[in-house]
$ cat start.tsv   # TSV, C-alpha atoms
chain	number	residue	atom	x	y	z
J	171	MET	CA	26.94	36.86	21.33
J	172	ASP	CA	28.87	38.86	24.02
J	173	ASP	CA	31.61	36.69	25.55
J	174	THR	CA	30.59	37.87	29.01
J	175	VAL	CA	27.44	35.79	28.71
J	176	ASP	CA	29.54	32.69	27.98
J	177	ARG	CA	31.80	33.40	30.99
J	178	ASN	CA	28.85	33.91	33.31
J	179	LEU	CA	27.12	30.73	32.16
J	180	ASP	CA	30.34	28.75	32.52
J	181	THR	CA	30.95	30.15	36.01
J	182	ILE	CA	27.40	29.34	37.16
J	183	SER	CA	27.72	25.83	35.71
J	184	ARG	CA	30.98	25.22	37.58
J	185	ARG	CA	29.54	26.52	40.88
J	186	LEU	CA	26.44	24.39	40.53
J	187	ALA	CA	28.66	21.36	39.88
J	188	GLU	CA	30.61	22.10	43.08
J	189	LEU	CA	27.37	22.46	45.05
J	190	GLU	CA	26.07	19.14	43.72
J	191	THR	CA	29.33	17.41	44.61
J	192	ALA	CA	29.31	18.88	48.14
J	193	THR	CA	25.67	17.87	48.62
J	194	ASP	CA	26.34	14.31	47.46
J	195	THR	CA	29.33	14.08	49.80
J	196	ALA	CA	27.29	15.34	52.79
J	197	LEU	CA	24.42	12.96	52.05
J	198	ALA	CA	26.90	10.09	51.91
J	199	GLY	CA	28.13	10.98	55.46
J	200	GLY	CA	31.34	12.71	54.42
J	201	VAL	CA	32.64	16.20	55.04
J	202	PRO	CA	32.57	18.32	51.87
J	203	ASP	CA	35.26	20.85	51.08
J	204	ARG	CA	34.54	24.42	52.08
J	205	LEU	CA	33.03	26.41	49.26
J	206	PRO	CA	33.95	30.04	48.60
J	207	GLN	CA	31.42	32.59	49.82
J	208	ASN	CA	29.16	34.22	47.32
J	209	ASP	CA	29.93	37.95	47.22
J	210	ILE	CA	27.03	38.70	44.90
J	211	ALA	CA	24.02	40.53	46.27
J	212	ALA	CA	20.48	39.40	45.66
J	213	HIS	CA	19.89	41.95	42.89
J	214	VAL	CA	22.84	43.04	40.79
J	215	SER	CA	23.32	44.36	37.31
J	216	HIS	CA	24.86	42.34	34.52
J	217	ALA	CA	28.10	44.28	34.85
J	218	GLU	CA	28.30	43.62	38.60
J	219	LEU	CA	27.53	39.91	38.08
J	220	THR	CA	30.23	39.68	35.42
J	221	ALA	CA	32.80	41.42	37.61
J	222	ALA	CA	32.08	39.10	40.54
J	223	ASN	CA	32.25	36.00	38.39
J	224	ASP	CA	35.49	37.17	36.77
J	225	ARG	CA	37.06	37.62	40.23
J	226	LEU	CA	36.00	34.09	41.13
J	227	ARG	CA	37.34	32.72	37.86
J	228	THR	CA	40.69	34.38	38.52
J	229	GLN	CA	40.88	32.94	42.04
J	230	ARG	CA	39.95	29.43	40.91
J	231	GLY	CA	41.98	29.45	37.70
J	232	TRP	CA	38.97	28.86	35.46
J	233	THR	CA	40.31	29.96	32.08
J	234	ASP	CA	38.43	27.64	29.73
J	235	ILE	CA	34.77	28.00	28.82
J	236	ASP	CA	32.95	24.68	28.54
J	237	LEU	CA	29.25	25.30	28.05
J	238	ASP	CA	28.63	21.63	27.18
J	239	ALA	CA	29.39	20.78	30.81
J	240	ALA	CA	26.19	22.60	31.79
J	241	LEU	CA	24.11	20.07	29.87
J	242	THR	CA	22.94	16.73	31.12
J	243	PRO	CA	24.02	13.63	29.14
J	244	ASP	CA	20.57	13.43	27.54
J	245	GLN	CA	20.64	17.12	26.64
J	246	ARG	CA	24.15	16.82	25.23
J	247	ALA	CA	23.13	13.81	23.12
J	248	GLY	CA	20.11	15.71	21.83
J	249	PHE	CA	22.27	18.72	21.01
J	250	ASP	CA	24.74	16.53	19.14
J	251	ARG	CA	21.87	15.03	17.12
J	252	TRP	CA	20.58	18.49	16.31
J	253	ARG	CA	24.02	19.75	15.30
J	254	ALA	CA	24.65	16.66	13.14
J	255	ARG	CA	21.53	17.42	11.09
J	256	GLN	CA	22.28	21.03	10.28
J	257	ARG	CA	22.96	21.93	6.67
J	258	ILE	CA	26.55	22.42	5.52
J	259	PRO	CA	26.74	25.52	3.30
J	260	TRP	CA	28.46	25.12	-0.07
J	261	ASP	CA	31.90	26.59	-0.64
J	262	HIS	CA	33.83	27.33	-3.82
J	263	GLU	CA	35.15	23.75	-4.03
J	264	ASP	CA	31.59	22.38	-4.07
J	265	VAL	CA	30.59	24.81	-6.81
J	266	LEU	CA	33.63	23.84	-8.89
J	267	ALA	CA	32.86	20.12	-8.48
J	268	VAL	CA	29.25	20.63	-9.58
J	269	GLY	CA	30.39	22.74	-12.52
J	270	PHE	CA	32.94	20.17	-13.66
J	271	ALA	CA	30.44	17.32	-13.45
J	272	THR	CA	27.84	19.40	-15.30
J	273	VAL	CA	30.25	20.27	-18.12
J	274	LEU	CA	31.05	16.59	-18.67
J	275	GLY	CA	27.36	15.67	-18.54
J	276	VAL	CA	26.37	18.34	-21.07
J	277	ALA	CA	29.28	17.34	-23.32
J	278	ALA	CA	28.07	13.73	-23.25
J	279	LEU	CA	24.59	14.99	-24.12
J	280	TRP	CA	25.87	17.11	-27.00
J	281	TYR	CA	27.75	14.17	-28.53
J	282	ASP	CA	25.21	11.52	-27.53
J	283	THR	CA	24.85	10.18	-31.08
J	284	ALA	CA	28.60	9.68	-31.47
J	285	ILE	CA	28.88	8.12	-28.01
J	286	ASP	CA	25.99	5.77	-28.74
J	287	GLY	CA	27.73	4.73	-31.95
J	288	ALA	CA	30.87	3.90	-29.98
J	289	VAL	CA	28.85	1.94	-27.42
J	290	ALA	CA	27.08	0.05	-30.22
J	291	GLN	CA	30.43	-0.79	-31.79
J	292	GLY	CA	31.77	-2.00	-28.45
J	293	LEU	CA	28.74	-4.17	-27.81
J	294	GLY	CA	28.86	-5.49	-31.35
J	295	ALA	CA	32.39	-6.75	-30.74
J	296	THR	CA	31.04	-9.11	-28.08
J	297	ARG	CA	28.96	-10.95	-30.68
J	298	ASP	CA	32.11	-12.75	-31.86
J	299	THR	CA	32.97	-14.09	-28.41
J	300	GLY	CA	32.41	-17.75	-27.64
J	301	TRP	CA	30.03	-17.21	-24.74
J	302	MET	CA	27.82	-14.81	-26.72
J	303	ARG	CA	27.63	-17.25	-29.62
J	304	ALA	CA	26.65	-19.99	-27.18
J	305	TRP	CA	23.87	-17.78	-25.77
J	306	GLU	CA	22.68	-16.97	-29.28
J	307	ARG	CA	22.47	-20.67	-30.16
J	308	ALA	CA	20.66	-21.43	-26.89
J	309	GLY	CA	18.02	-18.81	-27.68
J	310	LYS	CA	17.16	-20.16	-31.13
J	311	ARG	CA	13.76	-21.62	-32.08
J	312	LEU	CA	11.88	-19.67	-29.42
J	313	PRO	CA	8.35	-18.48	-30.21
J	314	ILE	CA	9.16	-14.90	-29.23
J	315	ASP	CA	11.40	-14.67	-32.33
J	316	TYR	CA	8.58	-15.32	-34.82
J	317	THR	CA	8.98	-13.24	-38.02
J	318	GLY	CA	6.14	-14.53	-40.18
J	319	PRO	CA	3.79	-12.40	-42.31
J	320	GLY	CA	3.09	-9.10	-40.60
J	321	PHE	CA	5.75	-9.62	-37.93
J	322	GLY	CA	9.01	-9.42	-39.90
J	323	GLY	CA	11.23	-6.56	-40.94
J	324	ARG	CA	13.93	-4.57	-39.21
J	325	ALA	CA	11.56	-3.46	-36.42
J	326	HIS	CA	10.01	-6.89	-35.80
J	327	ARG	CA	11.01	-6.86	-32.11
J	328	VAL	CA	8.65	-4.00	-31.32
J	329	ARG	CA	5.76	-6.22	-32.47
J	330	SER	CA	6.83	-9.15	-30.27
J	331	PRO	CA	5.83	-9.05	-26.59
J	332	GLY	CA	8.66	-11.50	-25.89
J	333	HIS	CA	11.26	-8.83	-26.71
J	334	ASP	CA	9.69	-6.32	-24.33
J	335	LEU	CA	11.49	-6.03	-20.97
J	336	GLY	CA	8.30	-4.60	-19.54
J	337	ARG	CA	6.28	-7.79	-20.24
J	338	PRO	CA	8.27	-10.67	-18.71
J	339	PHE	CA	5.22	-12.77	-17.81
J	340	GLU	CA	3.93	-12.82	-21.38
J	341	ALA	CA	7.40	-13.68	-22.70
J	342	LEU	CA	7.86	-16.57	-20.26
J	343	ARG	CA	4.33	-17.82	-20.97
J	344	GLN	CA	5.06	-18.00	-24.70
J	345	ILE	CA	8.41	-19.72	-24.20
J	346	ARG	CA	6.94	-22.37	-21.91
J	347	SER	CA	3.98	-23.10	-24.18
J	348	GLY	CA	5.99	-22.96	-27.42
J	349	GLU	CA	3.39	-20.64	-28.89
J	350	PHE	CA	3.74	-17.12	-30.27
J	351	ARG	CA	0.98	-14.60	-29.54
J	352	GLY	CA	0.83	-11.17	-31.06
J	353	VAL	CA	-1.41	-8.56	-32.64
J	354	LEU	CA	-1.68	-7.77	-36.35
J	355	TRP	CA	-3.29	-4.53	-37.53
J	356	ASP	CA	-4.93	-4.49	-40.97
J	357	TYR	CA	-6.41	-1.12	-41.99
J	358	GLY	CA	-7.34	-0.30	-38.42
J	359	ASP	CA	-8.71	-3.75	-37.60
J	360	LYS	CA	-7.08	-5.69	-34.77
J	361	HIS	CA	-6.38	-9.38	-35.40
J	362	PRO	CA	-4.91	-11.54	-32.62
J	363	VAL	CA	-2.35	-13.96	-34.06
J	364	THR	CA	-1.35	-17.27	-32.51
J	365	VAL	CA	1.35	-19.46	-34.04
J	366	GLY	CA	2.43	-22.78	-32.56
J	367	GLY	CA	3.71	-26.22	-33.44
J	368	ARG	CA	7.03	-25.09	-34.86
J	369	PHE	CA	8.86	-24.00	-31.72
J	370	ARG	CA	10.41	-25.97	-28.91
J	371	GLU	CA	8.63	-26.17	-25.58
J	372	VAL	CA	10.25	-25.62	-22.21
J	373	ASP	CA	9.12	-27.57	-19.17
J	374	SER	CA	10.30	-25.48	-16.22
J	375	LEU	CA	9.95	-21.80	-15.43
J	376	GLY	CA	13.61	-21.59	-14.45
J	377	GLU	CA	14.79	-22.89	-17.81
J	378	ALA	CA	12.43	-20.51	-19.62
J	379	LEU	CA	13.83	-17.59	-17.65
J	380	VAL	CA	17.43	-18.55	-18.51
J	381	LEU	CA	16.61	-18.96	-22.22
J	382	TRP	CA	14.78	-15.63	-22.31
J	383	ALA	CA	17.75	-13.85	-20.66
J	384	GLN	CA	20.21	-15.45	-23.10
J	385	HIS	CA	18.04	-14.54	-26.08
J	386	LEU	CA	17.68	-10.90	-25.01
J	387	ALA	CA	21.40	-10.63	-24.24
J	388	ALA	CA	22.20	-11.81	-27.75
J	389	ASP	CA	19.72	-9.29	-29.20
J	390	VAL	CA	20.76	-6.27	-27.15
J	391	VAL	CA	24.27	-6.28	-28.67
J	392	THR	CA	22.88	-6.09	-32.23
J	393	PRO	CA	22.57	-2.69	-33.96
J	394	MET	CA	18.79	-2.58	-33.41
J	395	SER	CA	19.19	-3.62	-29.76
J	396	LEU	CA	15.83	-4.06	-27.94
J	397	PRO	CA	12.80	-1.74	-27.94
J	398	LEU	CA	12.18	0.33	-24.83
J	399	PRO	CA	10.06	-1.37	-22.16
J	400	GLY	CA	6.36	-1.00	-22.96
J	401	SER	CA	6.86	-0.46	-26.72
J	402	SER	CA	5.05	-3.68	-27.71
J	403	TRP	CA	2.15	-2.72	-25.45
J	404	LEU	CA	1.87	0.64	-27.25
J	405	TYR	CA	1.89	-1.16	-30.58
J	406	GLU	CA	-1.12	-3.25	-29.51
J	407	GLN	CA	-3.28	-0.25	-28.53
J	408	ASP	CA	-6.29	0.79	-30.56
J	409	ASN	CA	-4.72	4.14	-31.40
J	410	ARG	CA	-2.90	4.55	-34.69
J	411	ALA	CA	-0.82	7.50	-33.44
J	412	LEU	CA	0.58	5.41	-30.57
J	413	ARG	CA	1.28	2.45	-32.85
J	414	THR	CA	3.02	4.64	-35.41
J	415	PHE	CA	5.02	6.36	-32.70
J	416	ALA	CA	6.23	3.07	-31.14
J	417	HIS	CA	7.17	1.65	-34.53
J	418	GLU	CA	8.89	4.68	-36.08
J	419	VAL	CA	10.83	5.68	-32.98
J	420	TYR	CA	12.30	2.19	-32.68
J	421	LEU	CA	12.84	1.82	-36.44
J	422	GLY	CA	14.81	5.06	-36.72
J	423	THR	CA	16.28	6.51	-39.88
J	424	SER	CA	18.77	3.64	-40.16
J	425	ALA	CA	19.65	0.43	-38.35
J	426	GLY	CA	20.32	1.23	-34.71
J	427	ASN	CA	19.65	4.95	-35.07
J	428	GLY	CA	16.29	4.79	-33.31
J	429	LEU	CA	15.27	4.87	-29.68
J	430	ASN	CA	16.06	1.53	-28.04
J	431	VAL	CA	17.40	0.09	-24.82
J	432	ARG	CA	20.98	0.95	-25.77
J	433	SER	CA	20.42	4.53	-26.98
J	434	GLY	CA	17.64	5.33	-24.48
J	435	ILE	CA	18.91	3.71	-21.29
J	436	LEU	CA	22.44	2.34	-21.51
J	437	THR	CA	24.24	5.21	-23.25
J	438	PRO	CA	22.50	8.03	-21.27
J	439	SER	CA	23.34	6.18	-18.06
J	440	LEU	CA	27.04	6.83	-18.74
J	441	SER	CA	26.62	10.55	-18.04
J	442	VAL	CA	24.68	9.75	-14.86
J	443	ILE	CA	27.45	7.42	-13.70
J	444	THR	CA	30.12	10.02	-14.52
J	445	THR	CA	28.37	12.69	-12.45
J	446	GLU	CA	27.88	10.30	-9.55
J	447	VAL	CA	31.54	9.24	-9.55
J	448	ILE	CA	32.89	12.81	-9.70
J	449	LEU	CA	30.73	14.26	-6.94
J	450	ARG	CA	30.85	11.24	-4.65
J	451	THR	CA	34.65	11.18	-4.94
J	452	HIS	CA	34.73	14.91	-4.14
J	453	VAL	CA	32.55	14.59	-1.03
J	454	HIS	CA	34.27	11.48	0.36
J	455	ALA	CA	37.74	12.94	-0.30
J	456	ARG	CA	36.84	16.09	1.66
J	457	ALA	CA	35.48	14.00	4.51
J	458	TYR	CA	38.67	11.95	4.60
J	459	ALA	CA	40.86	15.05	4.54
J	460	SER	CA	39.02	16.64	7.48
J	461	SER	CA	38.39	13.61	9.71
J	462	GLY	CA	40.65	10.83	8.46
J	463	SER	CA	37.64	8.75	7.50
J	464	ALA	CA	35.73	8.63	4.21
J	465	ARG	CA	32.51	7.82	6.04
J	466	LEU	CA	29.87	10.55	5.78
J	467	ASP	CA	27.70	11.77	8.63
J	468	GLU	CA	24.14	13.01	8.18
J	469	ARG	CA	25.19	16.56	7.32
J	470	GLU	CA	27.70	15.44	4.70
J	471	GLN	CA	25.21	13.00	3.19
J	472	ALA	CA	22.69	15.84	2.87
J	473	ARG	CA	25.30	18.03	1.14
J	474	ARG	CA	26.17	15.16	-1.22
J	475	ASN	CA	22.51	14.84	-2.19
J	476	GLU	CA	22.30	18.59	-2.85
J	477	LEU	CA	25.39	18.54	-5.08
J	478	LEU	CA	24.13	15.54	-7.05
J	479	LEU	CA	20.69	17.09	-7.48
J	480	ALA	CA	22.18	20.35	-8.77
J	481	ALA	CA	24.43	18.64	-11.34
J	482	HIS	CA	21.80	16.18	-12.57
J	483	SER	CA	19.20	18.96	-12.79
J	484	LEU	CA	21.45	21.08	-15.01
J	485	VAL	CA	22.12	18.12	-17.31
J	486	GLY	CA	18.40	17.28	-17.32
J	487	VAL	CA	17.48	20.84	-18.32
J	488	ALA	CA	20.04	20.68	-21.15
J	489	SER	CA	18.58	17.36	-22.26
J	490	ALA	CA	15.04	18.75	-22.33
J	491	GLY	CA	16.26	21.85	-24.19
J	492	LYS	CA	18.01	19.83	-26.88
J	493	THR	CA	14.97	17.58	-27.32
J	494	LEU	CA	12.61	20.55	-27.63
J	495	ALA	CA	14.92	22.31	-30.09
J	496	ARG	CA	15.12	19.27	-32.34
J	497	MET	CA	11.34	18.91	-32.23
J	498	ILE	CA	11.01	22.49	-33.46
J	499	VAL	CA	13.67	22.22	-36.15
J	500	PHE	CA	12.78	18.79	-37.52
J	501	ASP	CA	9.04	19.01	-38.11
J	502	ASP	CA	8.81	15.82	-40.16
J	503	ARG	CA	10.04	13.42	-37.46
J	504	LYS	CA	9.32	14.96	-34.09
J	505	GLY	CA	9.27	11.59	-32.34
J	506	MET	CA	12.92	10.98	-33.18
J	507	ALA	CA	13.85	13.98	-31.03
J	508	LEU	CA	12.97	11.93	-27.96
J	509	ARG	CA	16.14	9.98	-28.65
J	510	HIS	CA	18.03	12.88	-27.05
J	511	MET	CA	15.95	12.89	-23.86
J	512	ASN	CA	18.11	11.56	-21.04
J	513	VAL	CA	15.56	9.46	-19.19
J	514	PRO	CA	18.02	8.01	-16.60
J	515	VAL	CA	19.09	11.48	-15.47
J	516	LEU	CA	15.44	12.56	-15.12
J	517	LEU	CA	14.69	9.50	-12.97
J	518	ARG	CA	17.77	10.19	-10.85
J	519	MET	CA	16.65	13.80	-10.46
J	520	GLY	CA	13.31	12.65	-9.08
J	521	CYS	CA	14.91	10.31	-6.55
J	522	LEU	CA	17.37	12.99	-5.39
J	523	ALA	CA	14.61	15.61	-5.11
J	524	ILE	CA	12.76	13.32	-2.72
J	525	GLN	CA	15.92	12.74	-0.68
J	526	VAL	CA	16.75	16.46	-0.47
J	527	ALA	CA	13.17	17.28	0.57
J	528	ASN	CA	13.35	14.58	3.24
J	529	ASP	CA	16.68	15.97	4.51
J	530	ARG	CA	15.13	19.41	4.80
J	531	ARG	CA	12.10	18.05	6.62
J	532	THR	CA	14.40	16.24	9.05
J	533	ARG	CA	16.31	19.46	9.76
J	534	ASN	CA	13.08	21.37	10.37
J	535	MET	CA	11.93	18.74	12.86
J	536	ALA	CA	15.27	18.75	14.70
J	537	VAL	CA	14.64	22.04	16.54
J	538	ALA	CA	16.83	22.87	19.53
J	539	GLN	CA	15.06	23.51	22.85
J	540	ASP	CA	14.71	27.12	23.93
J	541	TRP	CA	15.77	28.42	27.35
J	542	GLU	CA	12.28	28.08	28.85
J	543	ALA	CA	12.03	24.41	27.85
J	544	LEU	CA	15.51	23.71	29.24
J	545	ALA	CA	14.59	25.45	32.50
J	546	VAL	CA	11.39	23.46	32.88
J	547	GLU	CA	13.25	20.22	32.20
J	548	LEU	CA	15.92	21.07	34.78
J	549	LEU	CA	13.30	21.90	37.41
J	550	GLN	CA	11.55	18.59	36.79
$ encode --input "start.tsv" --output "structure tokens"
Amino acid sequence: MDDTVDRNLDTISRRLAELETATDTALAGGVPDRLPQNDIAAHVSHAELTAANDRLRTQRGWTDIDLDAALTPDQRAGFDRWRARQRIPWDHEDVLAVGFATVLGVAALWYDTAIDGAVAQGLGATRDTGWMRAWERAGKRLPIDYTGPGFGGRAHRVRSPGHDLGRPFEALRQIRSGEFRGVLWDYGDKHPVTVGGRFREVDSLGEALVLWAQHLAADVVTPMSLPLPGSSWLYEQDNRALRTFAHEVYLGTSAGNGLNVRSGILTPSLSVITTEVILRTHVHARAYASSGSARLDEREQARRNELLLAAHSLVGVASAGKTLARMIVFDDRKGMALRHMNVPVLLRMGCLAIQVANDRRTRNMAVAQDWEALAVELLQ
């Protein structure tokens, strides 16, 4: 915009302020200061108006241009809200931060089997601690741990609703009643199984909840860990493909090599946490360097969401690509390829996509008033 427009608007704003002050003084019974005469004709060109205003600015010593002074307090507050919601464009530092976080995320995805082995070894070390042994003893003789005919073997937890994090009510019901309930499939025929009389009963719901948590904690650190939430429900469905899928994916090619809570949720979450830490540190550090405070305003929060969405999306695409490639290469066990699907990063992508869309919708709604609307408001 031509700077003459800014000078003219600033001059008019200052003259109007002087007129309002003189009017208020006269209405209050005082004698206002004499105002300089207006040497501008009724109809002048832009160049003539600019020249006259520049002469007045020189006489009065008006060197600064403060267009905000022309706004009312309500208008200024509205303008500040509008400005605070505008998008901050990315710069090279943002791109480098996203790239660095993505490289680490893809590296974690590439070596996910080795990382999961290290996590399993670390969790296994806790089994020898005193508190974990105490929890393991406390969770003994519970009905959810039944391993009788048809419910034993290395993958017995996928056939027990009590080991399913997605079915807490059924698990607590069995613990309180001291009775195991499951489903046995025999050549396509479904047989409900109920076993009782050999397990201890628990009187209160609170005690049952504590025992269930202790039992699962002691199981999650074992090589087989726990099946993914909903696995026992799949195993009970009248569909052999679903039952086979739930069983074989959890069973894996060896102990702990299948898809379980550790390999499907805990280990993939490490790459999500790494990306979050890197990008959040980057955004808050830049905010602190520019303003002296690590607190983010609306614009900086929106940029943070964009950076996180970009990094998580790239890792998610790599995860889907690796899963698809292994499905194509290993035709005999396609279900095992799902072990490489980073579910936590996909869930985080969905949440961030909603946040970014909401930020964009907020910016579109925060439209600044045009000149006609401002004029009408001033006249009113």
$ residues_around --input "start.tsv" --residues "stretch 405-409 of chain J" --least-positions-apart "2" --cutoff "9 Å" --atoms "all atoms listed in the file" --output "CSV table (one decimal) with C-alpha atoms, keeping the file's coordinate frame"
chain,number,residue,atom,x,y,z
J,328,VAL,CA,8.6,-4.0,-31.3
J,329,ARG,CA,5.8,-6.2,-32.5
J,352,GLY,CA,0.8,-11.2,-31.1
J,353,VAL,CA,-1.4,-8.6,-32.6
J,354,LEU,CA,-1.7,-7.8,-36.4
J,355,TRP,CA,-3.3,-4.5,-37.5
J,358,GLY,CA,-7.3,-0.3,-38.4
J,359,ASP,CA,-8.7,-3.8,-37.6
J,360,LYS,CA,-7.1,-5.7,-34.8
J,400,GLY,CA,6.4,-1.0,-23.0
J,401,SER,CA,6.9,-0.5,-26.7
J,402,SER,CA,5.0,-3.7,-27.7
J,403,TRP,CA,2.2,-2.7,-25.4
J,411,ALA,CA,-0.8,7.5,-33.4
J,412,LEU,CA,0.6,5.4,-30.6
J,413,ARG,CA,1.3,2.4,-32.8
J,414,THR,CA,3.0,4.6,-35.4
J,415,PHE,CA,5.0,6.4,-32.7
J,416,ALA,CA,6.2,3.1,-31.1
J,417,HIS,CA,7.2,1.6,-34.5
$ closest_residue --input "start.tsv" --among "J:Arg327, J:Arg465, J:Arg474, J:Arg509" --to "J:Val447" --atoms "all atoms listed in the file"
J:Arg474
$ residues_around --input "start.tsv" --residues "J:Ala271" --least-positions-apart "2" --cutoff "7 Å" --atoms "only C-alpha atoms" --output "ChimeraX atom specification"
/J:267-269,273-275,445,448,481
$ residues_around --input "start.tsv" --residues "J:Thr191" --least-positions-apart "5" --cutoff "9 Å" --atoms "all atoms listed in the file" --output "ChimeraX atom specification"
/J:186,196,202
$ closest_residue --input "start.tsv" --among "J:Glu470, J:Asp194, J:Asp286, J:Glu340" --to "J:Asn427" --atoms "all atoms listed in the file"
J:Asp286
$ closest_residue --input "start.tsv" --among "J:Ala490, J:His510, J:Gly287, J:Ala464" --to "J:Ala425" --atoms "all atoms listed in the file"
J:Gly287
$ residues_near_point --input "start.tsv" --point "(9.3, 2.7, -24.5)" --cutoff "9 Å" --atoms "all atoms listed in the file" --output "number ranges by chain"
J: 336, 397-402, 404, 416, 420, 429-431, 434
$ atom_distance --input "start.tsv" --atom1 "atom CA of J:Glu218" --atom2 "atom CA of J:Gly231"
19.7 Å
$ closest_residue --input "start.tsv" --among "J:Gly348, J:Asp389, J:Met497, J:Gly294" --to "J:His326" --atoms "only C-alpha atoms"
J:Asp389
$ atom_distance --input "start.tsv" --atom1 "atom CA of J:Leu477" --atom2 "atom CA of J:Thr532"
18.0 Å
$ atom_distance --input "start.tsv" --atom1 "atom CA of J:Thr493" --atom2 "atom CA of J:Gln291"
24.4 Å
$ residues_near_point --input "start.tsv" --point "(13.8, -26.3, -22.4)" --cutoff "12 Å" --atoms "all atoms listed in the file" --output "PyMOL selection string"
chain J and resi 308-312+342+345-348+369-382
$ closest_residue --input "start.tsv" --among "J:Leu279, J:Ile182, J:Ala284, J:Ala387" --to "J:Val485" --atoms "only C-alpha atoms"
J:Leu279
